$ cat start24.cif   # mmCIF, C-alpha atoms and all ligand atoms
data_my_file
loop_
_atom_site.label_atom_id
_atom_site.label_comp_id
_atom_site.auth_asym_id
_atom_site.auth_seq_id
_atom_site.Cartn_x
_atom_site.Cartn_y
_atom_site.Cartn_z
CA MET A 821 15.72 34.97 82.27
CA SER A 822 18.36 37.66 82.55
CA GLY A 823 20.38 38.37 85.70
CA VAL A 824 18.67 41.77 85.97
CA ARG A 825 16.04 42.19 88.69
CA PRO A 826 12.56 41.39 87.31
CA LEU A 827 10.03 44.19 87.02
CA LEU A 828 7.34 42.12 88.75
CA GLU A 829 7.87 39.28 91.22
CA VAL A 830 4.93 37.28 92.53
CA LYS A 831 5.88 34.92 95.37
CA ASN A 832 3.60 32.18 96.68
CA LEU A 833 0.50 34.34 96.10
CA LYS A 834 -2.69 33.10 97.76
CA LYS A 835 -6.21 34.44 97.53
CA HIS A 836 -8.87 32.53 99.45
CA PHE A 837 -12.36 34.03 99.43
CA PRO A 838 -14.33 33.26 102.60
CA ILE A 839 -17.81 31.75 102.29
CA TYR A 840 -20.29 32.96 104.87
CA GLY A 841 -23.35 31.01 105.95
CA GLY A 842 -25.79 30.26 108.74
CA LEU A 843 -27.87 32.67 110.77
CA LEU A 844 -24.79 34.30 112.28
CA GLY A 845 -23.06 34.74 108.92
CA LEU A 846 -19.97 32.86 110.10
CA THR A 847 -17.23 31.63 107.78
CA THR A 848 -18.22 28.14 106.65
CA GLY A 849 -15.48 27.54 104.09
CA HIS A 850 -13.21 29.13 101.52
CA VAL A 851 -12.91 29.38 97.75
CA PHE A 852 -9.24 28.58 97.12
CA ALA A 853 -9.10 30.79 94.00
CA VAL A 854 -5.30 31.24 93.97
CA ASP A 855 -3.25 28.87 96.06
CA GLY A 856 0.49 29.48 95.97
CA VAL A 857 1.35 31.04 92.63
CA SER A 858 4.87 32.31 91.88
CA PHE A 859 6.30 33.90 88.74
CA ASP A 860 8.18 36.97 87.59
CA ILE A 861 8.14 39.25 84.58
CA ASP A 862 11.13 41.16 83.19
CA LYS A 863 10.95 44.66 81.77
CA GLY A 864 9.74 44.47 78.18
CA GLU A 865 8.61 40.85 78.55
CA THR A 866 5.22 39.22 78.02
CA LEU A 867 4.12 36.42 80.31
CA SER A 868 0.80 34.77 79.53
CA LEU A 869 -1.32 33.20 82.27
CA VAL A 870 -3.45 30.56 80.58
CA GLY A 871 -6.12 28.16 81.81
CA GLU A 872 -9.80 27.33 81.74
CA SER A 873 -12.40 29.67 83.13
CA GLY A 874 -12.37 29.59 86.95
CA CYS A 875 -8.70 28.55 87.31
CA GLY A 876 -7.84 31.76 89.18
CA LYS A 877 -5.89 33.61 86.48
CA SER A 878 -7.99 36.81 86.61
CA THR A 879 -7.83 36.76 90.41
CA VAL A 880 -4.02 36.81 90.14
CA GLY A 881 -4.26 39.94 87.96
CA LYS A 882 -6.68 41.66 90.33
CA ALA A 883 -4.55 40.75 93.37
CA ILE A 884 -1.48 42.34 91.71
CA LEU A 885 -3.56 45.46 91.06
CA ARG A 886 -4.59 45.46 94.73
CA LEU A 887 -8.27 45.22 93.78
CA TYR A 888 -8.41 42.41 96.39
CA PRO A 889 -6.44 42.07 99.61
CA ILE A 890 -4.35 38.92 99.35
CA THR A 891 -4.47 35.97 101.75
CA GLY A 892 -0.76 35.18 101.58
CA GLY A 893 2.44 35.64 99.63
CA GLU A 894 4.17 38.74 98.31
CA VAL A 895 4.09 40.97 95.23
CA HIS A 896 7.14 43.09 94.37
CA LEU A 897 7.38 45.80 91.72
CA ASP A 898 10.93 46.77 90.77
CA GLY A 899 12.17 45.24 94.03
CA GLU A 900 9.64 47.05 96.26
CA ARG A 901 6.98 45.05 98.07
CA ILE A 902 3.58 46.45 97.07
CA ASP A 903 1.03 43.98 98.47
CA ASN A 904 1.13 45.57 101.94
CA MET A 905 1.94 49.15 100.93
CA SER A 906 -0.08 52.04 102.37
CA ALA A 907 -2.51 53.82 100.02
CA SER A 908 -0.32 56.93 99.82
CA LYS A 909 2.81 54.96 98.89
CA LEU A 910 0.79 52.89 96.44
CA ARG A 911 -0.04 55.86 94.22
CA PRO A 912 3.17 55.78 92.14
CA MET A 913 2.70 52.01 91.74
CA ARG A 914 -0.79 52.56 90.36
CA GLN A 915 0.75 54.83 87.75
CA ARG A 916 3.16 52.08 86.69
CA VAL A 917 0.73 49.14 86.60
CA GLN A 918 -2.39 49.48 84.47
CA VAL A 919 -5.06 47.12 83.21
CA VAL A 920 -7.04 46.50 80.04
CA PHE A 921 -10.25 44.54 80.66
CA GLN A 922 -12.17 42.21 78.36
CA ASP A 923 -15.19 44.41 77.79
CA PRO A 924 -14.08 47.87 76.70
CA PHE A 925 -17.68 49.06 76.50
CA SER A 926 -18.43 48.54 80.16
CA SER A 927 -15.01 49.82 81.27
CA LEU A 928 -15.37 53.17 79.40
CA ASN A 929 -17.72 55.77 80.85
CA PRO A 930 -20.48 56.12 78.19
CA ARG A 931 -21.20 59.72 79.22
CA MET A 932 -17.62 60.92 78.69
CA LYS A 933 -15.98 61.85 75.41
CA VAL A 934 -12.77 59.99 74.59
CA ARG A 935 -10.77 63.15 75.20
CA ASP A 936 -12.02 63.30 78.79
CA ILE A 937 -11.62 59.55 79.37
CA LEU A 938 -7.96 59.79 78.39
CA ALA A 939 -7.45 63.13 80.14
CA GLU A 940 -8.51 61.67 83.50
CA PRO A 941 -5.35 59.63 84.25
CA ILE A 942 -3.15 62.40 82.80
CA LEU A 943 -4.68 64.93 85.21
CA ASN A 944 -4.82 62.47 88.14
CA PHE A 945 -1.10 61.90 87.97
CA GLY A 946 -0.28 65.54 87.18
CA LEU A 947 1.32 64.75 83.83
CA ALA A 948 0.17 67.88 81.99
CA ASN A 949 -0.94 71.43 82.77
CA GLY A 950 -3.68 73.32 81.05
CA ARG A 951 -6.30 72.23 78.58
CA ARG A 952 -4.16 72.51 75.48
CA GLU A 953 -1.28 70.44 76.89
CA VAL A 954 -3.70 67.74 78.08
CA THR A 955 -5.37 67.59 74.67
CA GLU A 956 -1.96 67.32 72.97
CA ARG A 957 -1.11 64.34 75.17
CA VAL A 958 -4.48 62.76 74.41
CA GLU A 959 -3.88 63.22 70.67
CA ALA A 960 -0.43 61.64 71.00
CA LEU A 961 -2.06 58.62 72.70
CA MET A 962 -4.54 58.33 69.82
CA ASP A 963 -1.55 58.26 67.43
CA LYS A 964 0.01 55.45 69.46
CA VAL A 965 -3.10 53.27 69.23
CA ARG A 966 -3.68 54.26 65.59
CA LEU A 967 -6.99 56.06 65.96
CA PRO A 968 -7.72 59.39 64.25
CA ARG A 969 -6.98 62.44 66.38
CA ASP A 970 -10.29 64.12 65.60
CA SER A 971 -12.23 61.18 67.09
CA ILE A 972 -11.33 62.34 70.63
CA TRP A 973 -14.55 64.37 70.59
CA ARG A 974 -16.72 61.28 70.15
CA PHE A 975 -18.37 59.04 72.77
CA PRO A 976 -17.44 55.34 73.30
CA HIS A 977 -20.66 54.07 71.67
CA GLU A 978 -19.61 55.71 68.39
CA PHE A 979 -16.66 53.28 68.08
CA SER A 980 -16.48 49.60 67.08
CA GLY A 981 -15.44 46.94 69.63
CA GLY A 982 -11.84 46.89 68.35
CA GLN A 983 -11.62 50.69 68.40
CA ARG A 984 -12.97 50.76 71.95
CA GLN A 985 -10.29 48.29 72.97
CA ARG A 986 -7.69 50.63 71.41
CA ILE A 987 -9.10 53.42 73.60
CA GLY A 988 -8.77 51.06 76.60
CA ILE A 989 -5.12 50.51 75.69
CA ALA A 990 -4.57 54.27 75.27
CA ARG A 991 -6.03 54.81 78.74
CA ALA A 992 -3.63 52.21 80.17
CA LEU A 993 -0.72 53.98 78.46
CA ALA A 994 -1.84 57.47 79.58
CA PRO A 995 -0.12 57.50 83.01
CA GLY A 996 3.14 56.13 81.53
CA ALA A 997 2.67 52.53 82.70
CA ASP A 998 5.52 50.06 82.33
CA LEU A 999 3.40 46.97 83.14
CA ILE A 1000 -0.01 46.38 81.60
CA ILE A 1001 -2.26 43.54 82.74
CA CYS A 1002 -4.42 42.46 79.79
CA ASP A 1003 -7.29 40.50 81.34
CA GLU A 1004 -8.91 38.56 78.47
CA ALA A 1005 -8.37 41.81 76.55
CA VAL A 1006 -9.00 40.32 73.10
CA SER A 1007 -11.36 37.45 73.99
CA ALA A 1008 -14.54 39.26 72.94
CA LEU A 1009 -13.19 40.37 69.55
CA ASP A 1010 -13.56 38.84 66.07
CA VAL A 1011 -10.56 36.91 64.79
CA SER A 1012 -9.29 39.63 62.43
CA VAL A 1013 -9.78 42.43 64.98
CA LYS A 1014 -8.13 40.25 67.62
CA ALA A 1015 -5.06 39.89 65.39
CA GLN A 1016 -4.91 43.67 64.87
CA ILE A 1017 -5.02 44.35 68.62
CA ILE A 1018 -2.35 41.72 69.28
CA ASN A 1019 -0.12 43.30 66.60
CA LEU A 1020 -0.71 46.70 68.19
CA LEU A 1021 0.33 45.37 71.63
CA VAL A 1022 3.48 43.81 70.17
CA ASP A 1023 4.38 47.08 68.42
CA LEU A 1024 3.74 49.13 71.56
CA GLN A 1025 5.88 46.74 73.55
CA ASP A 1026 8.75 47.17 71.09
CA GLU A 1027 8.36 50.93 71.05
CA LEU A 1028 7.86 51.57 74.76
CA GLY A 1029 9.56 48.58 76.40
CA LEU A 1030 6.30 47.59 78.11
CA ALA A 1031 5.93 44.44 80.15
CA LEU A 1032 2.64 42.59 79.67
CA LEU A 1033 0.84 40.08 81.85
CA PHE A 1034 -1.52 38.58 79.30
CA ILE A 1035 -4.39 36.63 80.85
CA SER A 1036 -6.26 34.35 78.45
CA HIS A 1037 -8.25 31.11 78.39
CA ASP A 1038 -6.93 30.41 74.90
CA LEU A 1039 -3.41 29.19 74.06
CA ALA A 1040 -3.88 29.98 70.36
CA THR A 1041 -4.33 33.67 71.21
CA VAL A 1042 -1.06 33.96 73.10
CA GLU A 1043 1.07 32.01 70.63
CA HIS A 1044 2.07 35.03 68.55
CA LEU A 1045 2.61 37.55 71.30
CA THR A 1046 4.03 35.91 74.38
CA HIS A 1047 7.61 35.25 75.47
CA ARG A 1048 6.71 32.82 78.26
CA VAL A 1049 3.57 30.97 79.31
CA ALA A 1050 2.34 29.90 82.74
CA VAL A 1051 -0.47 27.33 82.63
CA MET A 1052 -2.87 27.44 85.59
CA TYR A 1053 -5.22 24.76 86.85
CA LEU A 1054 -7.48 25.18 89.88
CA GLY A 1055 -5.51 27.95 91.55
CA LYS A 1056 -2.00 26.67 90.83
CA ILE A 1057 0.60 26.97 88.08
CA VAL A 1058 1.16 23.50 86.65
CA GLU A 1059 3.72 24.38 83.98
CA ILE A 1060 5.80 27.44 83.10
CA CYS A 1061 8.29 27.83 80.26
CA ASP A 1062 9.10 29.89 77.19
CA ARG A 1063 6.69 29.89 74.28
CA ARG A 1064 8.78 27.71 71.99
CA THR A 1065 9.24 25.02 74.63
CA LEU A 1066 5.55 25.05 75.48
CA PHE A 1067 4.40 24.55 71.91
CA ALA A 1068 7.16 22.03 71.05
CA THR A 1069 7.88 19.95 74.17
CA SER A 1070 5.49 20.73 76.99
CA HIS A 1071 5.45 18.09 79.73
CA HIS A 1072 2.29 18.47 81.74
CA PRO A 1073 -0.75 16.43 80.64
CA TYR A 1074 -3.05 19.42 81.19
CA THR A 1075 -0.90 21.65 78.97
CA ARG A 1076 -0.83 18.92 76.34
CA ALA A 1077 -4.62 18.66 76.46
CA LEU A 1078 -4.97 22.43 76.00
CA LEU A 1079 -2.47 22.34 73.13
CA SER A 1080 -4.28 19.50 71.43
CA ALA A 1081 -7.37 21.74 71.22
CA VAL A 1082 -5.51 24.58 69.46
CA PRO A 1083 -6.71 24.78 65.82
CA VAL A 1084 -4.06 24.08 63.17
CA PRO A 1085 -3.97 25.89 59.81
CA ASP A 1086 -4.17 22.61 57.85
CA PRO A 1087 -7.53 20.91 58.59
CA THR A 1088 -6.28 17.64 57.00
CA ALA A 1089 -3.27 17.43 59.34
CA LYS A 1090 -3.39 14.33 61.56
CA ARG A 1091 -3.42 15.04 65.29
CA ASN A 1092 -4.38 13.26 68.45
CA ARG A 1093 -6.79 15.25 70.58
CA ILE A 1094 -6.64 14.69 74.32
CA ILE A 1095 -10.26 15.05 75.38
CA LEU A 1096 -10.61 16.02 79.02
CA THR A 1097 -13.67 14.53 80.62
CA GLY A 1098 -15.67 16.20 83.37
CA ASP A 1099 -15.74 19.76 84.59
CA VAL A 1100 -13.08 21.60 86.51
CA PRO A 1101 -13.63 20.58 90.17
CA SER A 1102 -14.85 23.19 92.64
CA PRO A 1103 -12.13 25.41 94.13
CA ILE A 1104 -14.07 25.19 97.42
CA ASN A 1105 -13.01 21.58 97.85
CA PRO A 1106 -10.13 20.87 95.46
CA PRO A 1107 -9.15 17.21 94.87
CA SER A 1108 -6.44 15.67 97.06
CA GLY A 1109 -2.96 15.00 95.68
CA CYS A 1110 -2.65 16.36 92.16
CA ARG A 1111 -5.64 18.66 91.60
CA PHE A 1112 -5.81 17.46 88.00
CA HIS A 1113 -6.05 13.75 88.86
CA THR A 1114 -9.86 13.60 88.45
CA ARG A 1115 -9.50 14.48 84.75
CA CYS A 1116 -5.98 13.34 83.88
CA PRO A 1117 -5.84 10.40 81.42
CA PHE A 1118 -2.43 9.39 82.88
CA ALA A 1119 -3.30 9.49 86.61
CA PHE A 1120 -1.94 6.69 88.80
CA ASP A 1121 -2.19 5.90 92.53
CA ARG A 1122 0.43 8.37 93.72
CA CYS A 1123 -1.44 11.23 91.96
CA ARG A 1124 -4.44 10.79 94.24
CA THR A 1125 -2.52 11.22 97.49
CA GLU A 1126 0.64 13.24 96.88
CA GLU A 1127 0.67 16.75 95.49
CA PRO A 1128 3.30 17.17 92.75
CA MET A 1129 5.54 20.21 93.29
CA LEU A 1130 6.45 22.61 90.49
CA ARG A 1131 9.99 21.46 89.68
CA GLU A 1132 12.53 22.37 87.03
CA VAL A 1133 12.58 19.95 84.10
CA GLY A 1134 14.76 22.04 81.81
CA SER A 1135 16.29 25.50 81.55
CA GLY A 1136 13.53 27.95 82.58
CA HIS A 1137 11.00 25.13 82.32
CA SER A 1138 9.10 23.81 85.35
CA SER A 1139 6.26 21.32 85.57
CA ALA A 1140 4.15 19.94 88.43
CA CYS A 1141 3.51 16.31 87.51
CA HIS A 1142 4.74 13.04 89.05
CA LEU A 1143 5.02 11.57 85.56
CA THR A 1144 7.35 14.32 84.41
CA HIS A 1145 9.81 13.33 87.12
CA ALA A 1146 9.43 9.63 86.53
CA PRO A 1147 11.90 7.64 84.40
CA GLY A 1148 12.19 8.69 80.77
CA GLU A 1149 10.11 5.78 79.48
CA ALA A 1150 7.05 7.06 81.36
CA ILE A 1151 7.31 10.49 79.76
CA GLU A 1152 7.86 8.88 76.39
CA ALA A 1153 4.75 6.75 76.91
CA MET A 1154 2.75 9.87 77.63
CA ARG A 1155 4.13 11.59 74.51
CA VAL A 1156 3.19 8.67 72.33
CA ALA A 1157 -0.29 8.49 73.84
CA ALA A 1158 -0.75 12.25 73.37
FE1 LIG V 1201 -1.75 13.47 85.77
FE2 LIG V 1201 -0.63 12.44 87.95
FE3 LIG V 1201 0.73 14.17 86.46
FE4 LIG V 1201 -1.33 14.99 87.95
S1 LIG V 1201 0.61 14.15 88.70
S2 LIG V 1201 -0.91 15.55 85.86
S3 LIG V 1201 -2.71 13.25 87.76
S4 LIG V 1201 0.04 12.13 85.83
#

$ encode --input "start24.cif" --output "structure tokens"
Amino acid sequence: MSGVRPLLEVKNLKKHFPIYGGLLGLTTGHVFAVDGVSFDIDKGETLSLVGESGCGKSTVGKAILRLYPITGGEVHLDGERIDNMSASKLRPMRQRVQVVFQDPFSSLNPRMKVRDILAEPILNFGLANGRREVTERVEALMDKVRLPRDSIWRFPHEFSGGQRQRIGIARALAPGADLIICDEAVSALDVSVKAQIINLLVDLQDELGLALLFISHDLATVEHLTHRVAVMYLGKIVEICDRRTLFATSHHPYTRALLSAVPVPDPTAKRNRIILTGDVPSPINPPSGCRFHTRCPFAFDRCRTEEPMLREVGSGHSSACHLTHAPGEAIEAMRVAA
């Protein structure tokens, strides 16, 4: 990380959803969806939040976007705290932070032509005057996402899934965003289309200096686009480091299990899969100690009672595992086993 102030800082973010029950509809418990997550993103950087479905990664994205009120913690954009900002002050923040969702079809109004879909944020934020100027901006956005200018007069259903996702990206760019949250943005696409959209995002990042928070359940997807990766399990970050470190020398057993499931180009290559048994436990009643202990092949007594803290294990590399901080032989034993 540079010494420059990060664009986005998330500090000890918590989002607990209340569960209501009984005749009086009282709170009977909580879903601990996000439970103390911290990270930052520099200008022009991509951080990927990765983990299995239900680990809380999309909730983090929605909490940053203020789609949910948060339970605890702080979110800062360019040094300004935004999680408790009034609606009127929040407006410029909304211009700077945009989102691309997984399903472009349901997130684009089917009754609007692409021109009008893209014109909406331009007009909302007062970025152009008059019909001609708005249309020129819309056409420039189509150039950026490599779609033909004359297709602005078509409806979303007239485009393929990949093209619709390009329209979703154009809409995120329309207000002049400098941070885009991509929430499983390529998960529903075919492999070749997925690669094209990832290449487009990388090119746009180079061209515009965009920061990306890339949320994905799949490590293989983020490998070619991310600068750093944060691995989440049951509402917490268990490991965070740069991409190269993650793929070469990750420490956490959960990360290593996810990595062992990433397909390799050579199907004859020998590799040891770490098969995780059981489902992810319920976030309503997370396991004591290390939340991963019910599925970890290396769990020992301490894991069941004492929660491991996220601690630095190398430059810009932190891991939350008792084994990681144990003597070197223990880590080596895990590496050999994995
Ligand atoms: Fe496994 Fe224990 Fe490390 Fe948790 S703390 S990941 S249970 S070895």

$ residues_near_ligand --input "start24.cif" --ligand "ligand LIG 1201 (chain V)" --cutoff "12 Å" --atoms "all atoms listed in the file" --output "PyMOL selection string"
chain A and resi 1053+1057-1059+1071-1077+1096+1107-1131+1139-1146+1150-1151+1153-1154

$ axis_aligned_box --input "start24.cif" --around "region 1128-1133 of chain A" --padding-each-side "4 Å" --output "lines of an AutoDock Vina configuration file"
center_x = 7.9
center_y = 19.9
center_z = 88.7
size_x = 17.3
size_y = 13.4
size_z = 17.2

$ atom_distance --input "start24.cif" --atom1 "CA of Val895 (chain A)" --atom2 "CA of Asp1062 (chain A)"
21.8 Å

$ closest_residue --input "start24.cif" --among "A:Leu869, A:Ile1060, A:Val824, A:Val917" --to "Leu1039 (chain A)" --atoms "only C-alpha atoms"
A:Leu869

$ closest_residue --input "start24.cif" --among "A:Gly856, A:Gly1029, A:Trp973, A:His896" --to "Leu910 (chain A)" --atoms "all atoms listed in the file"
A:His896

$ residues_around --input "start24.cif" --residues "Phe837 (chain A)" --least-positions-apart "4" --cutoff "8 Å" --atoms "only C-alpha atoms" --output "PDB file with C-alpha atoms, keeping the file's coordinate frame"
ATOM      1  CA  HIS A 850     -13.210  29.130 101.520  1.00  0.00           C
ATOM      2  CA  VAL A 851     -12.910  29.380  97.750  1.00  0.00           C
ATOM      3  CA  PHE A 852      -9.240  28.580  97.120  1.00  0.00           C
ATOM      4  CA  ALA A 853      -9.100  30.790  94.000  1.00  0.00           C
TER       5      ALA A 853
END

$ atom_distance --input "start24.cif" --atom1 "CA of Val1100 (chain A)" --atom2 "CA of Val1006 (chain A)"
23.4 Å

$ residues_around --input "start24.cif" --residues "region 980-985 of chain A" --least-positions-apart "6" --cutoff "9 Å" --atoms "all atoms listed in the file" --output "number ranges by chain"
A: 920-925, 928, 965, 967, 1005-1006, 1008-1010, 1013-1014, 1016-1017

$ atom_distance --input "start24.cif" --atom1 "CA of Thr1069 (chain A)" --atom2 "CA of Ser1138 (chain A)"
11.9 Å

$ residues_around --input "start24.cif" --residues "region 1019-1028 of chain A" --least-positions-apart "6" --cutoff "12 Å" --atoms "all atoms listed in the file" --output "number ranges by chain"
A: 863-866, 920, 961, 963-967, 982-983, 985-986, 988-990, 992-993, 996-1002, 1005-1006, 1012-1013, 1034, 1041-1042, 1044-1047

$ write_last_selection --input "start24.cif" --atoms "C-alpha atoms" --output "PDB file, keeping the file's coordinate frame"
ATOM      1  CA  LYS A 863      10.950  44.660  81.770  1.00  0.00           C
ATOM      2  CA  GLY A 864       9.740  44.470  78.180  1.00  0.00           C
ATOM      3  CA  GLU A 865       8.610  40.850  78.550  1.00  0.00           C
ATOM      4  CA  THR A 866       5.220  39.220  78.020  1.00  0.00           C
ATOM      5  CA  VAL A 920      -7.040  46.500  80.040  1.00  0.00           C
ATOM      6  CA  LEU A 961      -2.060  58.620  72.700  1.00  0.00           C
ATOM      7  CA  ASP A 963      -1.550  58.260  67.430  1.00  0.00           C
ATOM      8  CA  LYS A 964       0.010  55.450  69.460  1.00  0.00           C
ATOM      9  CA  VAL A 965      -3.100  53.270  69.230  1.00  0.00           C
ATOM     10  CA  ARG A 966      -3.680  54.260  65.590  1.00  0.00           C
ATOM     11  CA  LEU A 967      -6.990  56.060  65.960  1.00  0.00           C
ATOM     12  CA  GLY A 982     -11.840  46.890  68.350  1.00  0.00           C
ATOM     13  CA  GLN A 983     -11.620  50.690  68.400  1.00  0.00           C
ATOM     14  CA  GLN A 985     -10.290  48.290  72.970  1.00  0.00           C
ATOM     15  CA  ARG A 986      -7.690  50.630  71.410  1.00  0.00           C
ATOM     16  CA  GLY A 988      -8.770  51.060  76.600  1.00  0.00           C
ATOM     17  CA  ILE A 989      -5.120  50.510  75.690  1.00  0.00           C
ATOM     18  CA  ALA A 990      -4.570  54.270  75.270  1.00  0.00           C
ATOM     19  CA  ALA A 992      -3.630  52.210  80.170  1.00  0.00           C
ATOM     20  CA  LEU A 993      -0.720  53.980  78.460  1.00  0.00           C
ATOM     21  CA  GLY A 996       3.140  56.130  81.530  1.00  0.00           C
ATOM     22  CA  ALA A 997       2.670  52.530  82.700  1.00  0.00           C
ATOM     23  CA  ASP A 998       5.520  50.060  82.330  1.00  0.00           C
ATOM     24  CA  LEU A 999       3.400  46.970  83.140  1.00  0.00           C
ATOM     25  CA  ILE A1000      -0.010  46.380  81.600  1.00  0.00           C
ATOM     26  CA  ILE A1001      -2.260  43.540  82.740  1.00  0.00           C
ATOM     27  CA  CYS A1002      -4.420  42.460  79.790  1.00  0.00           C
ATOM     28  CA  ALA A1005      -8.370  41.810  76.550  1.00  0.00           C
ATOM     29  CA  VAL A1006      -9.000  40.320  73.100  1.00  0.00           C
ATOM     30  CA  SER A1012      -9.290  39.630  62.430  1.00  0.00           C
ATOM     31  CA  VAL A1013      -9.780  42.430  64.980  1.00  0.00           C
ATOM     32  CA  PHE A1034      -1.520  38.580  79.300  1.00  0.00           C
ATOM     33  CA  THR A1041      -4.330  33.670  71.210  1.00  0.00           C
ATOM     34  CA  VAL A1042      -1.060  33.960  73.100  1.00  0.00           C
ATOM     35  CA  HIS A1044       2.070  35.030  68.550  1.00  0.00           C
ATOM     36  CA  LEU A1045       2.610  37.550  71.300  1.00  0.00           C
ATOM     37  CA  THR A1046       4.030  35.910  74.380  1.00  0.00           C
ATOM     38  CA  HIS A1047       7.610  35.250  75.470  1.00  0.00           C
TER      39      HIS A1047
END

$ closest_residue --input "start24.cif" --among "A:Met1052, A:Ala1081, A:Val1133, A:Leu846" --to "Thr1065 (chain A)" --atoms "only C-alpha atoms"
A:Val1133

$ residues_around --input "start24.cif" --residues "Asp862 (chain A)" --least-positions-apart "3" --cutoff "7 Å" --atoms "all atoms listed in the file" --output "tab-separated table (two decimals) with C-alpha atoms, in the coordinates of the input"
chain	number	residue	atom	x	y	z
A	826	PRO	CA	12.56	41.39	87.31
A	827	LEU	CA	10.03	44.19	87.02
A	828	LEU	CA	7.34	42.12	88.75
A	865	GLU	CA	8.61	40.85	78.55
A	1031	ALA	CA	5.93	44.44	80.15

$ closest_residue --input "start24.cif" --among "A:Ile861, A:Leu897, A:Leu833, A:Val1011" --to "Lys877 (chain A)" --atoms "only C-alpha atoms"
A:Leu833

$ residues_around --input "start24.cif" --residues "Pro995 (chain A)" --least-positions-apart "2" --cutoff "8 Å" --atoms "all atoms listed in the file" --output "MDAnalysis selection string"
chainID A and resid 915:916 941:942 945 947 991:993 997
